[in-house]
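J.: As input, take entry-v9.cif (mmCIF, C-alpha atoms):
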```
data_coords
loop_
_atom_site.group_PDB
_atom_site.id
_atom_site.type_symbol
_atom_site.label_atom_id
_atom_site.label_comp_id
_atom_site.auth_asym_id
_atom_site.auth_seq_id
_atom_site.Cartn_x
_atom_site.Cartn_y
_atom_site.Cartn_z
ATOM 1 C CA MET I 1 77.815 132.302 329.773
ATOM 2 C CA LEU I 2 74.421 132.004 331.418
ATOM 3 C CA VAL I 3 75.895 133.515 334.590
ATOM 4 C CA LEU I 4 77.350 136.457 332.652
ATOM 5 C CA GLU I 5 74.029 137.016 330.894
ATOM 6 C CA GLN I 6 72.165 137.071 334.204
ATOM 7 C CA ILE I 7 74.739 139.462 335.644
ATOM 8 C CA LEU I 8 74.052 141.834 332.750
ATOM 9 C CA ASN I 9 70.315 141.415 333.329
ATOM 10 C CA GLY I 10 70.861 142.249 337.003
ATOM 11 C CA ILE I 11 72.855 145.360 336.119
ATOM 12 C CA GLN I 12 70.159 146.454 333.673
ATOM 13 C CA PHE I 13 67.460 145.960 336.308
ATOM 14 C CA GLY I 14 69.613 147.770 338.845
ATOM 15 C CA ILE I 15 70.032 150.727 336.482
ATOM 16 C CA ALA I 16 66.262 150.942 336.065
ATOM 17 C CA LEU I 17 65.917 150.929 339.855
ATOM 18 C CA PHE I 18 68.568 153.641 340.088
ATOM 19 C CA LEU I 19 66.678 155.932 337.710
ATOM 20 C CA MET I 20 63.672 155.589 340.021
ATOM 21 C CA SER I 21 65.495 155.760 343.343
ATOM 22 C CA ALA I 22 67.735 158.700 342.343
ATOM 23 C CA GLY I 23 64.740 160.997 342.019
ATOM 24 C CA LEU I 24 63.165 159.504 345.110
ATOM 25 C CA THR I 25 66.261 160.013 347.245
ATOM 26 C CA LEU I 26 66.504 163.648 346.118
ATOM 27 C CA ILE I 27 62.889 164.325 347.083
ATOM 28 C CA PHE I 28 62.867 162.231 350.255
ATOM 29 C CA GLY I 29 66.392 162.968 351.472
ATOM 30 C CA ILE I 30 66.744 166.626 350.527
ATOM 31 C CA MET I 31 63.179 167.912 350.732
ATOM 32 C CA GLY I 32 62.051 165.625 353.572
ATOM 33 C CA VAL I 33 58.898 164.583 351.696
ATOM 34 C CA ILE I 34 57.648 160.992 351.488
ATOM 35 C CA ASN I 35 56.360 161.019 347.928
ATOM 36 C CA LEU I 36 54.343 157.892 347.140
ATOM 37 C CA THR I 37 53.319 159.367 343.788
ATOM 38 C CA HIS I 38 56.826 158.757 342.436
ATOM 39 C CA GLY I 39 55.641 155.422 341.060
ATOM 40 C CA SER I 40 52.701 157.162 339.390
ATOM 41 C CA LEU I 41 55.120 159.562 337.677
ATOM 42 C CA TYR I 42 56.964 156.481 336.379
ATOM 43 C CA MET I 43 53.638 155.277 334.971
ATOM 44 C CA VAL I 44 52.906 158.690 333.429
ATOM 45 C CA GLY I 45 56.271 158.613 331.654
ATOM 46 C CA ALA I 46 55.596 155.106 330.338
ATOM 47 C CA TYR I 47 52.098 156.001 329.094
ATOM 48 C CA ALA I 48 53.276 159.210 327.435
ATOM 49 C CA ALA I 49 56.076 157.348 325.662
ATOM 50 C CA ALA I 50 53.742 154.520 324.597
ATOM 51 C CA LEU I 51 51.089 156.859 323.176
ATOM 52 C CA VAL I 52 53.563 159.011 321.242
ATOM 53 C CA ALA I 53 55.385 155.925 319.939
ATOM 54 C CA ALA I 54 52.079 154.526 318.683
ATOM 55 C CA LYS I 55 51.148 157.811 316.956
ATOM 56 C CA THR I 56 54.518 158.744 315.452
ATOM 57 C CA GLY I 57 56.612 155.575 315.414
ATOM 58 C CA SER I 58 59.559 157.645 316.641
ATOM 59 C CA ALA I 59 61.506 156.325 319.625
ATOM 60 C CA LEU I 60 63.166 159.713 320.170
ATOM 61 C CA LEU I 61 59.854 161.582 320.293
ATOM 62 C CA ALA I 62 58.482 158.901 322.622
ATOM 63 C CA LEU I 63 61.420 159.396 324.988
ATOM 64 C CA VAL I 64 60.980 163.180 324.954
ATOM 65 C CA ALA I 65 57.251 162.755 325.609
ATOM 66 C CA GLY I 66 57.930 160.452 328.548
ATOM 67 C CA LEU I 67 60.364 162.929 330.093
ATOM 68 C CA ALA I 68 58.141 165.944 329.480
ATOM 69 C CA GLY I 69 54.935 164.241 330.622
ATOM 70 C CA ALA I 70 56.395 163.086 333.926
ATOM 71 C CA ALA I 71 58.206 166.381 334.584
ATOM 72 C CA VAL I 72 55.076 168.487 333.933
ATOM 73 C CA ALA I 73 52.948 166.145 336.047
ATOM 74 C CA GLY I 74 55.507 166.339 338.847
ATOM 75 C CA ILE I 75 55.657 170.137 338.806
ATOM 76 C CA VAL I 76 51.858 170.363 338.876
ATOM 77 C CA ILE I 77 51.656 167.908 341.795
ATOM 78 C CA GLU I 78 54.325 169.841 343.676
ATOM 79 C CA ALA I 79 52.617 173.196 343.134
ATOM 80 C CA LEU I 80 49.112 172.027 344.010
ATOM 81 C CA VAL I 81 49.720 169.455 346.755
ATOM 82 C CA ILE I 82 53.291 168.800 347.888
ATOM 83 C CA ARG I 83 54.099 172.456 348.560
ATOM 84 C CA ARG I 84 51.482 172.458 351.313
ATOM 85 C CA LEU I 85 53.025 169.400 352.981
ATOM 86 C CA TYR I 86 56.618 170.498 353.591
ATOM 87 C CA ALA I 87 55.952 171.540 357.168
ATOM 88 C CA ARG I 88 53.468 168.743 357.854
ATOM 89 C CA ASP I 89 53.999 165.396 359.519
ATOM 90 C CA HIS I 90 55.154 162.441 357.418
ATOM 91 C CA LEU I 91 51.802 160.746 358.023
ATOM 92 C CA ASP I 92 50.039 163.645 356.293
ATOM 93 C CA GLN I 93 52.443 163.318 353.363
ATOM 94 C CA VAL I 94 51.790 159.574 353.093
ATOM 95 C CA LEU I 95 48.014 160.013 353.183
ATOM 96 C CA ALA I 96 47.984 162.859 350.653
ATOM 97 C CA THR I 97 50.320 161.175 348.173
ATOM 98 C CA PHE I 98 48.527 157.831 348.551
ATOM 99 C CA ALA I 99 45.298 159.604 347.645
ATOM 100 C CA LEU I 100 47.056 160.977 344.569
ATOM 101 C CA ILE I 101 48.019 157.423 343.546
ATOM 102 C CA LEU I 102 44.362 156.410 343.597
ATOM 103 C CA ILE I 103 43.331 159.522 341.661
ATOM 104 C CA ILE I 104 46.034 159.091 339.006
ATOM 105 C CA ASN I 105 45.362 155.369 338.590
ATOM 106 C CA GLN I 106 41.616 155.930 338.218
ATOM 107 C CA THR I 107 42.193 158.749 335.746
ATOM 108 C CA ALA I 108 44.488 156.513 333.687
ATOM 109 C CA THR I 109 41.851 153.752 333.766
ATOM 110 C CA MET I 110 39.153 156.107 332.492
ATOM 111 C CA LEU I 111 41.414 157.452 329.728
ATOM 112 C CA PHE I 112 43.143 154.283 328.541
ATOM 113 C CA GLY I 113 41.256 151.349 330.052
ATOM 114 C CA ARG I 114 42.765 148.404 331.902
ATOM 115 C CA GLN I 115 44.217 146.662 328.868
ATOM 116 C CA PRO I 116 48.019 146.987 328.794
ATOM 117 C CA LEU I 117 49.775 148.862 326.016
ATOM 118 C CA PHE I 118 52.765 147.331 324.271
ATOM 119 C CA VAL I 119 55.541 149.437 322.762
ATOM 120 C CA ALA I 120 57.595 148.149 319.848
ATOM 121 C CA MET I 121 61.341 148.052 320.315
ATOM 122 C CA PRO I 122 63.081 150.843 318.347
ATOM 123 C CA PRO I 123 64.239 149.224 315.055
ATOM 124 C CA ALA I 124 67.794 150.499 315.436
ATOM 125 C CA LEU I 125 68.040 148.869 318.870
ATOM 126 C CA SER I 126 66.013 145.719 318.287
ATOM 127 C CA HIS I 127 68.926 143.433 317.431
ATOM 128 C CA SER I 128 71.504 141.695 319.598
ATOM 129 C CA VAL I 129 75.290 141.811 319.630
ATOM 130 C CA THR I 130 77.891 139.214 320.529
ATOM 131 C CA LEU I 131 79.819 140.439 323.551
ATOM 132 C CA LEU I 132 81.813 137.247 324.054
ATOM 133 C CA PRO I 133 81.812 133.903 322.249
ATOM 134 C CA GLY I 134 78.483 132.346 323.226
ATOM 135 C CA LEU I 135 77.183 135.539 324.876
ATOM 136 C CA VAL I 136 74.618 137.349 322.718
ATOM 137 C CA TYR I 137 72.871 140.272 324.403
ATOM 138 C CA PRO I 138 70.124 142.717 323.309
ATOM 139 C CA VAL I 139 71.397 146.131 322.260
ATOM 140 C CA TYR I 140 68.460 147.919 323.898
ATOM 141 C CA ARG I 141 69.367 146.595 327.339
ATOM 142 C CA LEU I 142 72.950 147.741 326.839
ATOM 143 C CA VAL I 143 71.636 151.205 325.949
ATOM 144 C CA VAL I 144 69.591 151.261 329.185
ATOM 145 C CA ILE I 145 72.768 150.469 331.136
ATOM 146 C CA ALA I 146 74.707 153.194 329.312
ATOM 147 C CA VAL I 147 71.988 155.801 329.904
ATOM 148 C CA GLY I 148 71.908 154.953 333.615
ATOM 149 C CA LEU I 149 75.670 155.398 333.917
ATOM 150 C CA VAL I 150 75.498 158.778 332.158
ATOM 151 C CA VAL I 151 72.646 159.898 334.443
ATOM 152 C CA ALA I 152 74.562 158.775 337.548
ATOM 153 C CA LEU I 153 77.584 160.829 336.515
ATOM 154 C CA GLY I 154 75.421 163.753 335.444
ATOM 155 C CA LEU I 155 73.724 163.843 338.861
ATOM 156 C CA ALA I 156 76.754 163.284 341.056
ATOM 157 C CA LEU I 157 78.848 166.101 339.642
ATOM 158 C CA PRO I 158 76.298 168.952 339.941
ATOM 159 C CA ILE I 159 75.071 167.867 343.381
ATOM 160 C CA ASN I 160 78.559 167.570 344.841
ATOM 161 C CA ARG I 161 80.625 170.069 342.828
ATOM 162 C CA THR I 162 78.477 173.087 341.902
ATOM 163 C CA ARG I 163 76.907 176.066 343.663
ATOM 164 C CA ILE I 164 73.417 174.818 342.801
ATOM 165 C CA GLY I 165 74.247 171.500 344.402
ATOM 166 C CA MET I 166 75.498 173.335 347.476
ATOM 167 C CA LEU I 167 72.213 175.242 347.720
ATOM 168 C CA VAL I 168 70.255 172.013 347.348
ATOM 169 C CA ARG I 169 72.193 170.354 350.158
ATOM 170 C CA ALA I 170 71.997 173.480 352.315
ATOM 171 C CA GLY I 171 68.248 173.698 351.807
ATOM 172 C CA ALA I 172 67.933 170.220 353.249
ATOM 173 C CA THR I 173 69.556 171.188 356.538
ATOM 174 C CA SER I 174 68.525 174.820 357.017
ATOM 175 C CA ARG I 175 65.692 176.015 354.797
ATOM 176 C CA GLU I 176 65.331 179.328 356.635
ATOM 177 C CA MET I 177 69.042 180.154 356.355
ATOM 178 C CA VAL I 178 69.024 179.572 352.593
ATOM 179 C CA ARG I 179 65.919 181.760 352.302
ATOM 180 C CA ALA I 180 67.687 184.462 354.354
ATOM 181 C CA LEU I 181 70.521 184.448 351.822
ATOM 182 C CA GLY I 182 68.075 185.531 349.135
ATOM 183 C CA VAL I 183 67.437 182.157 347.522
ATOM 184 C CA ASP I 184 63.878 181.380 346.443
ATOM 185 C CA ILE I 185 63.554 178.102 348.323
ATOM 186 C CA ARG I 186 60.113 177.381 346.848
ATOM 187 C CA LEU I 187 61.517 177.611 343.319
ATOM 188 C CA LEU I 188 64.499 175.497 344.333
ATOM 189 C CA TYR I 189 62.251 172.776 345.723
ATOM 190 C CA THR I 190 60.039 172.875 342.639
ATOM 191 C CA ILE I 191 63.131 172.330 340.478
ATOM 192 C CA ILE I 192 64.243 169.406 342.647
ATOM 193 C CA PHE I 193 60.805 167.818 342.516
ATOM 194 C CA GLY I 194 60.624 168.345 338.760
ATOM 195 C CA LEU I 195 64.049 166.735 338.343
ATOM 196 C CA GLY I 196 62.961 163.748 340.418
ATOM 197 C CA ALA I 197 59.807 163.432 338.315
ATOM 198 C CA LEU I 198 61.834 163.662 335.107
ATOM 199 C CA LEU I 199 64.062 160.784 336.262
ATOM 200 C CA ALA I 200 60.984 158.700 337.054
ATOM 201 C CA GLY I 201 59.635 159.503 333.584
ATOM 202 C CA LEU I 202 62.950 158.460 332.029
ATOM 203 C CA ALA I 203 62.750 155.124 333.846
ATOM 204 C CA GLY I 204 59.161 154.627 332.680
ATOM 205 C CA ALA I 205 59.876 155.595 329.068
ATOM 206 C CA MET I 206 62.847 153.239 328.859
ATOM 207 C CA ALA I 207 60.901 150.413 330.507
ATOM 208 C CA ALA I 208 57.980 150.742 328.064
ATOM 209 C CA PRO I 209 59.517 148.579 325.281
ATOM 210 C CA ILE I 210 60.488 145.911 327.842
ATOM 211 C CA LEU I 211 57.400 145.774 330.076
ATOM 212 C CA ALA I 212 53.677 146.096 329.474
ATOM 213 C CA VAL I 213 52.444 149.649 330.113
ATOM 214 C CA GLN I 214 49.429 149.384 332.404
ATOM 215 C CA VAL I 215 47.629 151.025 335.296
ATOM 216 C CA GLY I 216 49.356 150.422 338.629
ATOM 217 C CA MET I 217 52.730 149.533 337.114
ATOM 218 C CA GLY I 218 54.466 152.090 339.306
ATOM 219 C CA GLU I 219 53.543 150.677 342.703
ATOM 220 C CA GLN I 220 55.752 147.578 342.628
ATOM 221 C CA ILE I 221 58.867 149.390 341.458
ATOM 222 C CA LEU I 222 58.142 152.179 343.969
ATOM 223 C CA ILE I 223 58.501 149.706 346.852
ATOM 224 C CA LEU I 224 61.826 148.490 345.468
ATOM 225 C CA ALA I 225 62.974 152.088 344.966
ATOM 226 C CA PHE I 226 62.295 152.874 348.634
ATOM 227 C CA VAL I 227 64.277 149.757 349.578
ATOM 228 C CA VAL I 228 67.175 150.998 347.430
ATOM 229 C CA VAL I 229 67.059 154.422 349.101
ATOM 230 C CA VAL I 230 67.217 152.799 352.538
ATOM 231 C CA ILE I 231 70.072 150.513 351.510
ATOM 232 C CA GLY I 232 72.125 153.272 349.914
ATOM 233 C CA GLY I 233 71.421 155.972 352.477
ATOM 234 C CA VAL I 234 68.733 158.639 352.347
ATOM 235 C CA GLY I 235 69.747 161.608 350.206
ATOM 236 C CA SER I 236 72.836 159.971 348.680
ATOM 237 C CA ILE I 237 73.006 159.680 344.879
ATOM 238 C CA ARG I 238 76.055 157.448 345.195
ATOM 239 C CA GLY I 239 74.180 155.289 347.681
ATOM 240 C CA ALA I 240 71.198 155.036 345.340
ATOM 241 C CA PHE I 241 73.491 153.903 342.526
ATOM 242 C CA TYR I 242 75.303 151.183 344.453
ATOM 243 C CA GLY I 243 72.183 150.157 346.351
ATOM 244 C CA ALA I 244 70.259 149.766 343.084
ATOM 245 C CA LEU I 245 72.997 147.655 341.512
ATOM 246 C CA LEU I 246 73.138 145.405 344.582
ATOM 247 C CA ALA I 247 69.373 145.008 344.655
ATOM 248 C CA GLY I 248 69.158 144.350 340.912
ATOM 249 C CA LEU I 249 71.904 141.744 340.930
ATOM 250 C CA ILE I 250 70.629 139.894 343.982
ATOM 251 C CA ASP I 251 67.028 139.836 342.768
ATOM 252 C CA THR I 252 67.994 138.654 339.271
ATOM 253 C CA MET I 253 70.507 136.021 340.362
ATOM 254 C CA LEU I 254 68.169 134.539 342.966
ATOM 255 C CA ARG I 255 65.264 134.298 340.513
ATOM 256 C CA ALA I 256 67.507 132.770 337.853
ATOM 257 C CA PHE I 257 69.389 130.174 339.875
ATOM 258 C CA LEU I 258 67.780 129.512 343.273
ATOM 259 C CA PRO I 259 64.896 127.297 342.028
ATOM 260 C CA GLY I 260 67.380 125.177 340.068
ATOM 261 C CA LEU I 261 69.596 124.737 343.109
ATOM 262 C CA LEU I 262 66.630 123.758 345.291
ATOM 263 C CA ARG I 263 65.596 121.129 342.731
ATOM 264 C CA GLN I 264 68.716 119.220 343.709
ATOM 265 C CA VAL I 265 67.296 118.558 347.158
ATOM 266 C CA MET I 266 63.502 118.539 346.705
ATOM 267 C CA ALA I 267 60.717 117.964 344.212
ATOM 268 C CA GLY I 268 60.492 120.334 341.266
ATOM 269 C CA SER I 269 57.148 121.955 342.127
ATOM 270 C CA ASN I 270 58.166 122.506 345.740
ATOM 271 C CA ALA I 271 61.544 123.867 344.661
ATOM 272 C CA ASP I 272 59.924 126.340 342.262
ATOM 273 C CA ALA I 273 57.455 127.537 344.899
ATOM 274 C CA LEU I 274 60.082 127.890 347.626
ATOM 275 C CA GLY I 275 62.643 129.380 345.258
ATOM 276 C CA GLY I 276 60.160 131.954 343.994
ATOM 277 C CA GLY I 277 59.223 132.964 347.516
ATOM 278 C CA LEU I 278 62.829 133.241 348.723
ATOM 279 C CA SER I 279 63.797 135.151 345.570
ATOM 280 C CA SER I 280 61.050 137.695 346.225
ATOM 281 C CA MET I 281 62.403 138.136 349.763
ATOM 282 C CA GLY I 282 66.022 138.542 348.698
ATOM 283 C CA VAL I 283 66.074 142.326 348.322
ATOM 284 C CA TYR I 284 64.303 142.818 351.648
ATOM 285 C CA LEU I 285 66.727 140.473 353.397
ATOM 286 C CA LEU I 286 69.550 142.541 351.900
ATOM 287 C CA MET I 287 67.965 145.690 353.347
ATOM 288 C CA ALA I 288 67.656 144.067 356.780
ATOM 289 C CA ILE I 289 71.316 142.991 356.752
ATOM 290 C CA VAL I 290 72.506 146.443 355.676
ATOM 291 C CA LEU I 291 70.437 148.124 358.404
ATOM 292 C CA LEU I 292 71.877 145.775 361.024
ATOM 293 C CA VAL I 293 75.423 146.713 360.002
ATOM 294 C CA ARG I 294 74.884 150.344 358.953
ATOM 295 C CA PRO I 295 71.563 151.688 360.291
ATOM 296 C CA LYS I 296 71.755 154.833 358.145
ATOM 297 C CA GLY I 297 72.581 152.981 354.928
ATOM 298 C CA LEU I 298 75.781 152.325 353.032
ATOM 299 C CA PHE I 299 76.478 155.980 352.221
ATOM 300 C CA VAL I 300 75.294 158.605 354.673
ATOM 301 C CA ARG I 301 74.522 161.966 353.117
ATOM 302 C CA GLN I 302 76.812 164.683 354.406
ATOM 303 C CA SER I 303 75.054 167.765 355.690
#
```
Represent the structure contained in this file as C-alpha cells.

T.:
Amino acid sequence: MLVLEQILNGIQFGIALFLMSAGLTLIFGIMGVINLTHGSLYMVGAYAAALVAAKTGSALLALVAGLAGAAVAGIVIEALVIRRLYARDHLDQVLATFALILIINQTATMLFGRQPLFVAMPPALSHSVTLLPGLVYPVYRLVVIAVGLVVALGLALPINRTRIGMLVRAGATSREMVRALGVDIRLLYTIIFGLGALLAGLAGAMAAPILAVQVGMGEQILILAFVVVVIGGVGSIRGAFYGALLAGLIDTMLRAFLPGLLRQVMAGSNADALGGGLSSMGVYLLMAIVLLVRPKGLFVRQS
C-alpha cells in the first residue's frame, strides 16, 4: 500500500506541475516569450489565497482571490513589460523578466515580511478516505488531482477544437497574417498571458494549504515547470500533462524509495545523502533521456 500511496502523491505533485507548466507552455510555445515571472505569479496566487483565507475563513473566496490576483498581476505585467518584448531577443526577455522576479519578491518582503504564512486546510476537505483496505488518503489531495484533470480537459478542447484555439495556434506561426485577417493580436496575446497567469494562480492557491506561503516559493517550481515543458514539447498542452505526470511520479518515487534501497548496500547516512542527491537529479536525467530520443519533446506542437 505504501507504493500505491506514493504513486498517488506523485500524481498529485504532477498535477500541480501541470497547472504551472500548462500556462508556461502557452506563453512560451505560442507567444515565443520566455517568462521567468511565471513562478512569481504562482506566488501571488498563493499569497492572495492565504490572506483572504485568513481574513474570511472561506476556502472558496481564497481560491477566487488566488485566481483573480494572479490573473490581474499577469495582465498588468503583460501590458507594461511583456508587450514590449515580443519582437526582442530571448536574452532581453530573460533579463527583463528576471528583474521582475527581484522586484516582485522585494515588494512581497516589504508587504508581508519573510516569515511564511500557513493556510488551514478547508474543513470539508481536511479528512481522509479509505480508497482500498489499508490505503487511507487525504481528500484534499484527491481534489487537487480532480481539478487538474478538469483543467487539462478544459484546455485541450478549446485549443484544439475551437475557432479561438485556431487563432491562438495561427498567431504562433504567423502573427502578421492573423493581424491581416482583422484579429486584434495584441488583445489575443493579452488573453493568452492572462490565462497562463490564472493557471499559475490556481496552482499557487491550491498549494497554499499544503506548503508554506513565502517569498521566493515560485522559483523552484518554475525550474521544474520549464523541465516539464521541454519534456512534453514546447506549446503542447498534452505534452505538458504527460510530462508533468512523468516528472511528478519519478521525483516522488525516487525520494520515497531510493534512500531505502541504497541502505541495503551502504551506511545509512551515506545512503541518505546519495539517495537525496540522486533523487534531486531524477527529473533532469529524465529530461536528458527524452531529449536524446526526441529532441523536440514527447509531443511536438503542430503548426

J.: Please tell me which residues are no farther than 7 Å from (56.0, 153.8, 332.8) in the file, counting all atoms listed in the file, and write them as a PyMOL selection string.

T.: chain I and resi 42-47+201+203-205+207-208+213+217-218

J.: What is the distance between atom CA of I:Val3 and atom CA of I:Gly239, in Å to one decimal?

T.: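 Taking atom CA of I:Val3 as the start and atom CA of I:Gly239 as the end point, the length is 25.5 Å.
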
J.: Report as a PyMOL selection string the residues that result from applying the PyMOL selection byres ((chain I and resi 28) around 10) to the structure here.

T.: chain I and resi 21-27+29-35+172+193+196+226+229+234-235

J.: Name the closest residue to I:Ala16 among the candidates I:Ala225, I:Val139, I:Ala273, I:Ile250; distances are taken between atoms, counting all atoms listed in the file.

T.: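 Ranking I:Ala225, I:Val139, I:Ala273, I:Ile250 by distance to I:Ala16, first place goes to I:Ala225.
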
J.: In Å, how far is it from atom CA of I:Leu291 to atom CA of I:Val228?

T.: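 For atom CA of I:Leu291 relative to atom CA of I:Val228, the distance reads 11.8 Å.
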
J.: Spell out the residues picked by the PyMOL selection byres ((chain I and resi 123) around 12) here, as a list in words.

T.: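 With the PyMOL selection byres ((chain I and resi 123) around 12) on this model, the match is Gly57, Ser58, Ala59, Leu60, Val119, Ala120, Met121, Pro122, Ala124, Leu125, Ser126, His127, Ser128, Val139, Tyr140 and Pro209 of chain I.
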
J.: Create the file for the chosen residues now, containing C-alpha atoms and written as a PDB file, in the frame of the given file.

T.:
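After the write, result_12.pdb holds the following:
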```
ATOM      1  CA  GLY I  57      56.612 155.575 315.414  1.00  0.00           C
ATOM      2  CA  SER I  58      59.559 157.645 316.641  1.00  0.00           C
ATOM      3  CA  ALA I  59      61.506 156.325 319.625  1.00  0.00           C
ATOM      4  CA  LEU I  60      63.166 159.713 320.170  1.00  0.00           C
ATOM      5  CA  VAL I 119      55.541 149.437 322.762  1.00  0.00           C
ATOM      6  CA  ALA I 120      57.595 148.149 319.848  1.00  0.00           C
ATOM      7  CA  MET I 121      61.341 148.052 320.315  1.00  0.00           C
ATOM      8  CA  PRO I 122      63.081 150.843 318.347  1.00  0.00           C
ATOM      9  CA  ALA I 124      67.794 150.499 315.436  1.00  0.00           C
ATOM     10  CA  LEU I 125      68.040 148.869 318.870  1.00  0.00           C
ATOM     11  CA  SER I 126      66.013 145.719 318.287  1.00  0.00           C
ATOM     12  CA  HIS I 127      68.926 143.433 317.431  1.00  0.00           C
ATOM     13  CA  SER I 128      71.504 141.695 319.598  1.00  0.00           C
ATOM     14  CA  VAL I 139      71.397 146.131 322.260  1.00  0.00           C
ATOM     15  CA  TYR I 140      68.460 147.919 323.898  1.00  0.00           C
ATOM     16  CA  PRO I 209      59.517 148.579 325.281  1.00  0.00           C
TER      17      PRO I 209
END
```

J.: Show me as a PyMOL selection string the residues that reach within 9 Å of (64.5, 150.6, 337.2), counting all atoms listed in the file and using the file's own coordinates.

T.: chain I and resi 12-21+200+203-204+206-207+221+224-225+244+248

J.: Write the selection just made, keeping C-alpha atoms, as a compact mmCIF listing (two decimals), in the frame of the given file?

T.:
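Output file result.txt is given in full below:
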```txt
# COMPACT_ATOMS: atom_id res chain seq x y z
CA GLN I 12 70.16 146.45 333.67
CA PHE I 13 67.46 145.96 336.31
CA GLY I 14 69.61 147.77 338.84
CA ILE I 15 70.03 150.73 336.48
CA ALA I 16 66.26 150.94 336.06
CA LEU I 17 65.92 150.93 339.86
CA PHE I 18 68.57 153.64 340.09
CA LEU I 19 66.68 155.93 337.71
CA MET I 20 63.67 155.59 340.02
CA SER I 21 65.50 155.76 343.34
CA ALA I 200 60.98 158.70 337.05
CA ALA I 203 62.75 155.12 333.85
CA GLY I 204 59.16 154.63 332.68
CA MET I 206 62.85 153.24 328.86
CA ALA I 207 60.90 150.41 330.51
CA ILE I 221 58.87 149.39 341.46
CA LEU I 224 61.83 148.49 345.47
CA ALA I 225 62.97 152.09 344.97
CA ALA I 244 70.26 149.77 343.08
CA GLY I 248 69.16 144.35 340.91
```

J.: Could you expand the PyMOL selection byres ((chain I and resi 149) around 12) into the explicit residues it covers here, written as an MDAnalysis selection string?

T.: chainID I and resid 11:12 14:16 18:19 142:148 150:156 238 241:242 245

J.: Taking all atoms listed in the file into account, which of I:Leu67, I:Met110, I:Val283, I:Val265 comes nearest I:Leu249?

T.: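 That would be I:Val283, the residue with the smallest distance to I:Leu249.
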
J.: Do you have the atom CA of I:Thr109-atom CA of I:Ala54 distance handy?

T.: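 About the pair atom CA of I:Thr109 and atom CA of I:Ala54: they are 18.2 Å apart.
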
J.: Here is a test: counting all atoms listed in the file, which residue of I:Ala256, I:Leu4, I:Leu41, I:Leu211 is nearest to I:Ala108?

T.: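 Using all atoms listed in the file, I:Ala108 sits closest to I:Leu41.
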
J.: Would you list the contacts of I:Gly260 as a list in words, taking every protein, DNA or RNA residue within 9 Å and counting only C-alpha atoms, but skipping same-chain residues closer than 5 positions in sequence?

T.: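 Non-adjacent residues within range: Gly268, Ala271, Asp272 and Gly275 of chain I.
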
J.: Do a neighbour search on stretch 97-107 of chain I at 6 Å with only C-alpha atoms, toss out local chain neighbours closer than 5 positions, and write the hits as a list of chain:residue names.

T.: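 Residues near the query, excluding close chain neighbours: I:Leu36, I:Thr37, I:Val215.
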
J.: List every residue of stretch 57-127 of chain I that has an atom at most 8 Å from any atom of stretch 185-190 of chain I, giving for each one its closest atom pair and the distance in Å to one decimal, counting all atoms listed in the file, sorted by chain and then by ascending residue number, as a tab-separated table.

T.:
```
residue	atom	partner	partner_atom	distance
I:Ile75	CA	I:Thr190	CA	6.4
I:Glu78	CA	I:Thr190	CA	6.6
I:Ala79	CA	I:Thr190	CA	7.4
I:Arg83	CA	I:Arg186	CA	8.0
```

J.: Which is closest to I:Val230 among I:Ala68, I:Leu254, I:Ala48, I:Ile289, if we use all atoms listed in the file?

T.: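 Between I:Ala68, I:Leu254, I:Ala48, I:Ile289, the residue approaching I:Val230 most closely is I:Ile289.
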
J.: Which residue is closest to I:Gly276? Choose from I:Asp92, I:Glu219, I:Asp251, I:Glu5 and count only C-alpha atoms.

T.: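 Nearest to I:Gly276: I:Asp251.
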
J.: I'd like to know which of I:Ala62, I:Leu80, I:Leu258, I:Leu51 is closest to I:Leu111, using all atoms listed in the file.

T.: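 Between I:Ala62, I:Leu80, I:Leu258, I:Leu51, the residue approaching I:Leu111 most closely is I:Leu51.
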